[in-house]
$ cat model-v5.cif   # mmCIF, C-alpha atoms
data_work
#
loop_
_atom_site.group_PDB
_atom_site.id
_atom_site.type_symbol
_atom_site.label_atom_id
_atom_site.label_comp_id
_atom_site.auth_asym_id
_atom_site.auth_seq_id
_atom_site.Cartn_x
_atom_site.Cartn_y
_atom_site.Cartn_z
ATOM 1 C CA MET C 51 114.148 143.503 80.287
ATOM 2 C CA TYR C 52 114.668 139.710 80.717
ATOM 3 C CA ASN C 53 117.192 137.527 78.964
ATOM 4 C CA LEU C 54 115.124 134.765 77.335
ATOM 5 C CA THR C 55 117.987 132.999 75.623
ATOM 6 C CA ILE C 56 117.070 129.355 75.007
ATOM 7 C CA THR C 57 119.918 126.924 74.843
ATOM 8 C CA ARG C 58 120.087 123.236 74.038
ATOM 9 C CA ARG C 59 120.819 122.560 77.676
ATOM 10 C CA SER C 60 117.709 124.394 78.920
ATOM 11 C CA ILE C 61 115.503 122.584 76.399
ATOM 12 C CA PHE C 62 117.015 119.232 77.396
ATOM 13 C CA THR C 63 116.544 120.012 81.081
ATOM 14 C CA ALA C 64 112.913 121.040 80.611
ATOM 15 C CA ALA C 65 112.215 117.931 78.541
ATOM 16 C CA THR C 66 113.906 115.727 81.127
ATOM 17 C CA VAL C 67 111.890 117.223 83.977
ATOM 18 C CA ALA C 68 108.652 116.814 82.009
ATOM 19 C CA ALA C 69 109.479 113.179 81.216
ATOM 20 C CA LEU C 70 110.353 112.396 84.823
ATOM 21 C CA CYS C 71 107.112 113.945 86.026
ATOM 22 C CA ALA C 72 105.146 111.824 83.564
ATOM 23 C CA PHE C 73 106.797 108.649 84.880
ATOM 24 C CA ALA C 74 106.984 109.549 88.552
ATOM 25 C CA PRO C 75 107.344 106.622 90.932
ATOM 26 C CA TYR C 76 104.425 105.211 92.865
ATOM 27 C CA SER C 77 102.978 107.552 95.439
ATOM 28 C CA ALA C 78 101.092 106.440 98.532
ATOM 29 C CA ASN C 79 97.899 108.037 97.143
ATOM 30 C CA ALA C 80 97.840 105.935 93.967
ATOM 31 C CA LYS C 81 95.669 102.805 93.971
ATOM 32 C CA SER C 82 97.758 100.760 91.527
ATOM 33 C CA SER C 83 101.127 100.588 89.826
ATOM 34 C CA CYS C 84 103.339 98.343 87.704
ATOM 35 C CA GLY C 85 107.019 97.500 87.798
ATOM 36 C CA GLY C 86 109.481 94.758 88.561
ATOM 37 C CA ALA C 87 109.171 92.317 91.429
ATOM 38 C CA SER C 88 111.524 89.802 92.967
ATOM 39 C CA TRP C 89 111.142 87.288 95.786
ATOM 40 C CA TYR C 90 113.004 86.385 98.937
ATOM 41 C CA ALA C 91 112.873 83.618 101.541
ATOM 42 C CA LEU C 92 114.748 84.786 104.617
ATOM 43 C CA HIS C 93 113.844 84.060 108.235
ATOM 44 C CA SER C 94 115.013 87.388 109.639
ATOM 45 C CA LYS C 95 112.879 90.100 111.221
ATOM 46 C CA THR C 96 110.985 92.356 108.840
ATOM 47 C CA ALA C 97 110.785 96.134 109.128
ATOM 48 C CA SER C 98 107.367 95.725 110.763
ATOM 49 C CA GLY C 99 108.962 93.681 113.566
ATOM 50 C CA GLU C 100 107.510 90.296 112.674
ATOM 51 C CA ARG C 101 109.586 87.317 111.636
ATOM 52 C CA MET C 102 109.715 86.748 107.842
ATOM 53 C CA ASN C 103 107.916 83.540 106.927
ATOM 54 C CA PRO C 104 108.503 82.454 103.299
ATOM 55 C CA ALA C 105 105.332 80.317 103.440
ATOM 56 C CA LYS C 106 103.023 83.300 104.082
ATOM 57 C CA MET C 107 101.544 85.643 101.463
ATOM 58 C CA THR C 108 103.544 88.755 102.301
ATOM 59 C CA ALA C 109 105.559 91.395 100.478
ATOM 60 C CA ALA C 110 107.891 94.336 100.926
ATOM 61 C CA HIS C 111 107.119 97.800 99.526
ATOM 62 C CA LYS C 112 109.028 101.060 99.996
ATOM 63 C CA THR C 113 106.176 103.272 101.240
ATOM 64 C CA LEU C 114 102.850 101.457 101.665
ATOM 65 C CA PRO C 115 101.709 101.157 105.283
ATOM 66 C CA PHE C 116 102.286 97.812 106.995
ATOM 67 C CA GLY C 117 99.164 95.658 106.853
ATOM 68 C CA THR C 118 98.034 96.982 103.465
ATOM 69 C CA LYS C 119 96.603 94.197 101.298
ATOM 70 C CA VAL C 120 97.654 94.276 97.669
ATOM 71 C CA LYS C 121 96.555 92.174 94.700
ATOM 72 C CA VAL C 122 99.661 91.368 92.626
ATOM 73 C CA THR C 123 99.347 90.099 89.027
ATOM 74 C CA ASN C 124 102.195 88.616 86.996
ATOM 75 C CA SER C 125 102.005 90.451 83.658
ATOM 76 C CA ARG C 126 103.284 87.453 81.696
ATOM 77 C CA SER C 127 101.219 84.631 83.214
ATOM 78 C CA GLY C 128 98.154 86.618 84.293
ATOM 79 C CA LYS C 129 98.179 84.822 87.673
ATOM 80 C CA SER C 130 97.312 86.867 90.756
ATOM 81 C CA VAL C 131 97.815 86.640 94.497
ATOM 82 C CA VAL C 132 96.806 88.823 97.449
ATOM 83 C CA VAL C 133 99.662 89.735 99.787
ATOM 84 C CA ARG C 134 100.029 91.765 102.961
ATOM 85 C CA ILE C 135 102.768 94.403 103.181
ATOM 86 C CA ASN C 136 104.995 93.648 106.187
ATOM 87 C CA ASP C 137 108.475 94.783 105.133
ATOM 88 C CA ARG C 138 110.391 97.557 103.354
ATOM 89 C CA GLY C 139 112.079 97.179 99.994
ATOM 90 C CA PRO C 140 112.945 96.340 97.325
ATOM 91 C CA PHE C 141 116.196 98.234 97.084
ATOM 92 C CA ILE C 142 116.914 97.584 93.404
ATOM 93 C CA ARG C 143 116.014 100.239 90.815
ATOM 94 C CA GLY C 144 112.906 99.446 88.789
ATOM 95 C CA ARG C 145 111.466 96.998 91.299
ATOM 96 C CA VAL C 146 108.304 97.857 93.175
ATOM 97 C CA LEU C 147 107.748 94.743 95.305
ATOM 98 C CA ASP C 148 109.669 91.946 96.980
ATOM 99 C CA LEU C 149 107.368 88.955 97.394
ATOM 100 C CA SER C 150 107.616 86.048 99.810
ATOM 101 C CA LYS C 151 108.533 82.728 98.209
ATOM 102 C CA ALA C 152 104.955 81.417 98.565
ATOM 103 C CA ALA C 153 103.473 84.484 96.859
ATOM 104 C CA ALA C 154 106.046 84.276 94.053
ATOM 105 C CA GLN C 155 105.292 80.591 93.571
ATOM 106 C CA ASN C 156 101.557 81.302 93.239
ATOM 107 C CA ILE C 157 102.116 83.712 90.352
ATOM 108 C CA GLY C 158 104.779 81.630 88.625
ATOM 109 C CA MET C 159 107.966 83.611 89.133
ATOM 110 C CA ILE C 160 110.123 81.298 91.255
ATOM 111 C CA ARG C 161 112.284 80.017 88.423
ATOM 112 C CA SER C 162 113.090 83.415 86.892
ATOM 113 C CA GLY C 163 113.522 85.141 90.258
ATOM 114 C CA HIS C 164 111.843 88.303 89.027
ATOM 115 C CA ALA C 165 108.906 89.360 86.883
ATOM 116 C CA LYS C 166 106.985 92.384 85.682
ATOM 117 C CA VAL C 167 103.910 92.765 87.865
ATOM 118 C CA CYS C 168 101.021 95.125 88.318
ATOM 119 C CA TYR C 169 99.486 95.596 91.725
ATOM 120 C CA GLU C 170 96.390 97.157 93.158
ATOM 121 C CA ILE C 171 95.613 98.141 96.736
ATOM 122 C CA ILE C 172 92.531 96.299 97.935
ATOM 123 C CA SER C 173 92.518 97.369 101.607
#
$ encode --input "model-v5.cif" --output "structure tokens"
Amino acid sequence: MYNLTITRRSIFTAATVAALCAFAPYSANAKSSCGGASWYALHSKTASGERMNPAKMTAAHKTLPFGTKVKVTNSRSGKSVVVRINDRGPFIRGRVLDLSKAAAQNIGMIRSGHAKVCYEIIS
């Protein structure tokens, strides 16, 4: 009735889909996530329309609503900071946040330029 031939390719494809579903990127409904973060210190306009101020505790995220407050923890140092989402990004694979220079300095990632972080939505 049906051809149920299983090939290496179909097994690989099914396994790949299952693995990708298990490690799906952050969704707006999730309360926390981990990944890479970098920092930036521009003075241009952000996606929210406000001017970027490197001295403020702000961050960029791809999908979180502007104004969302997020607690960001550097996985290596254990230091945390609360930032407000006011921009879109980062646009580099594996990164989940772009922090302002002040926020990055508070969690000890200025020198390296990037770090593994975990973050949690607090409001």
$ atom_distance --input "model-v5.cif" --atom1 "atom CA of Ser125 of chain C" --atom2 "atom CA of Leu92 of chain C"
25.2 Å
$ closest_residue --input "model-v5.cif" --among "C:Thr96, C:Ile172, C:Pro115, C:Ala109" --to "Val146 of chain C" --atoms "all atoms listed in the file"
C:Ala109
$ atom_distance --input "model-v5.cif" --atom1 "atom CA of Ala87 of chain C" --atom2 "atom CA of Gly144 of chain C"
8.5 Å
$ resolve_selection --input "model-v5.cif" --expression "the PyMOL selection byres ((chain C and resi 148) around 6)" --output "short mmCIF file (atom, residue, chain, number, x, y, z; two decimals) with C-alpha atoms, in the coordinates of the input"
data_model
loop_
_atom_site.label_atom_id
_atom_site.label_comp_id
_atom_site.auth_asym_id
_atom_site.auth_seq_id
_atom_site.Cartn_x
_atom_site.Cartn_y
_atom_site.Cartn_z
CA ALA C 87 109.17 92.32 91.43
CA SER C 88 111.52 89.80 92.97
CA TRP C 89 111.14 87.29 95.79
CA ALA C 109 105.56 91.40 100.48
CA ALA C 110 107.89 94.34 100.93
CA PRO C 140 112.94 96.34 97.32
CA LEU C 147 107.75 94.74 95.30
CA LEU C 149 107.37 88.96 97.39
#
$ resolve_selection --input "model-v5.cif" --expression "the PyMOL selection byres ((chain C and resi 173) around 10)" --output "list in words"
Lys81, Gly117, Thr118, Lys119, Val120, Lys121, Arg134, Glu170, Ile171 and Ile172 of chain C
$ write_last_selection --input "model-v5.cif" --atoms "C-alpha atoms" --output "short mmCIF file (atom, residue, chain, number, x, y, z; two decimals), keeping the file's coordinate frame"
data_model
loop_
_atom_site.label_atom_id
_atom_site.label_comp_id
_atom_site.auth_asym_id
_atom_site.auth_seq_id
_atom_site.Cartn_x
_atom_site.Cartn_y
_atom_site.Cartn_z
CA LYS C 81 95.67 102.80 93.97
CA GLY C 117 99.16 95.66 106.85
CA THR C 118 98.03 96.98 103.46
CA LYS C 119 96.60 94.20 101.30
CA VAL C 120 97.65 94.28 97.67
CA LYS C 121 96.56 92.17 94.70
CA ARG C 134 100.03 91.76 102.96
CA GLU C 170 96.39 97.16 93.16
CA ILE C 171 95.61 98.14 96.74
CA ILE C 172 92.53 96.30 97.94
#
$ closest_residue --input "model-v5.cif" --among "C:Glu100, C:Ala91, C:Tyr169, C:Phe116" --to "Ser130 of chain C" --atoms "only C-alpha atoms"
C:Tyr169
$ closest_residue --input "model-v5.cif" --among "C:Asn103, C:Ser98, C:Thr123, C:Asn156" --to "Ile135 of chain C" --atoms "all atoms listed in the file"
C:Ser98
$ closest_residue --input "model-v5.cif" --among "C:Ala97, C:Val122, C:Leu114, C:Val131" --to "Lys166 of chain C" --atoms "all atoms listed in the file"
C:Val122
$ closest_residue --input "model-v5.cif" --among "C:Cys168, C:Lys112, C:Gly86, C:Asn124" --to "Phe141 of chain C" --atoms "only C-alpha atoms"
C:Lys112
$ closest_residue --input "model-v5.cif" --among "C:Arg143, C:Asp137, C:Ala165, C:Ser127" --to "Arg101 of chain C" --atoms "only C-alpha atoms"
C:Asp137
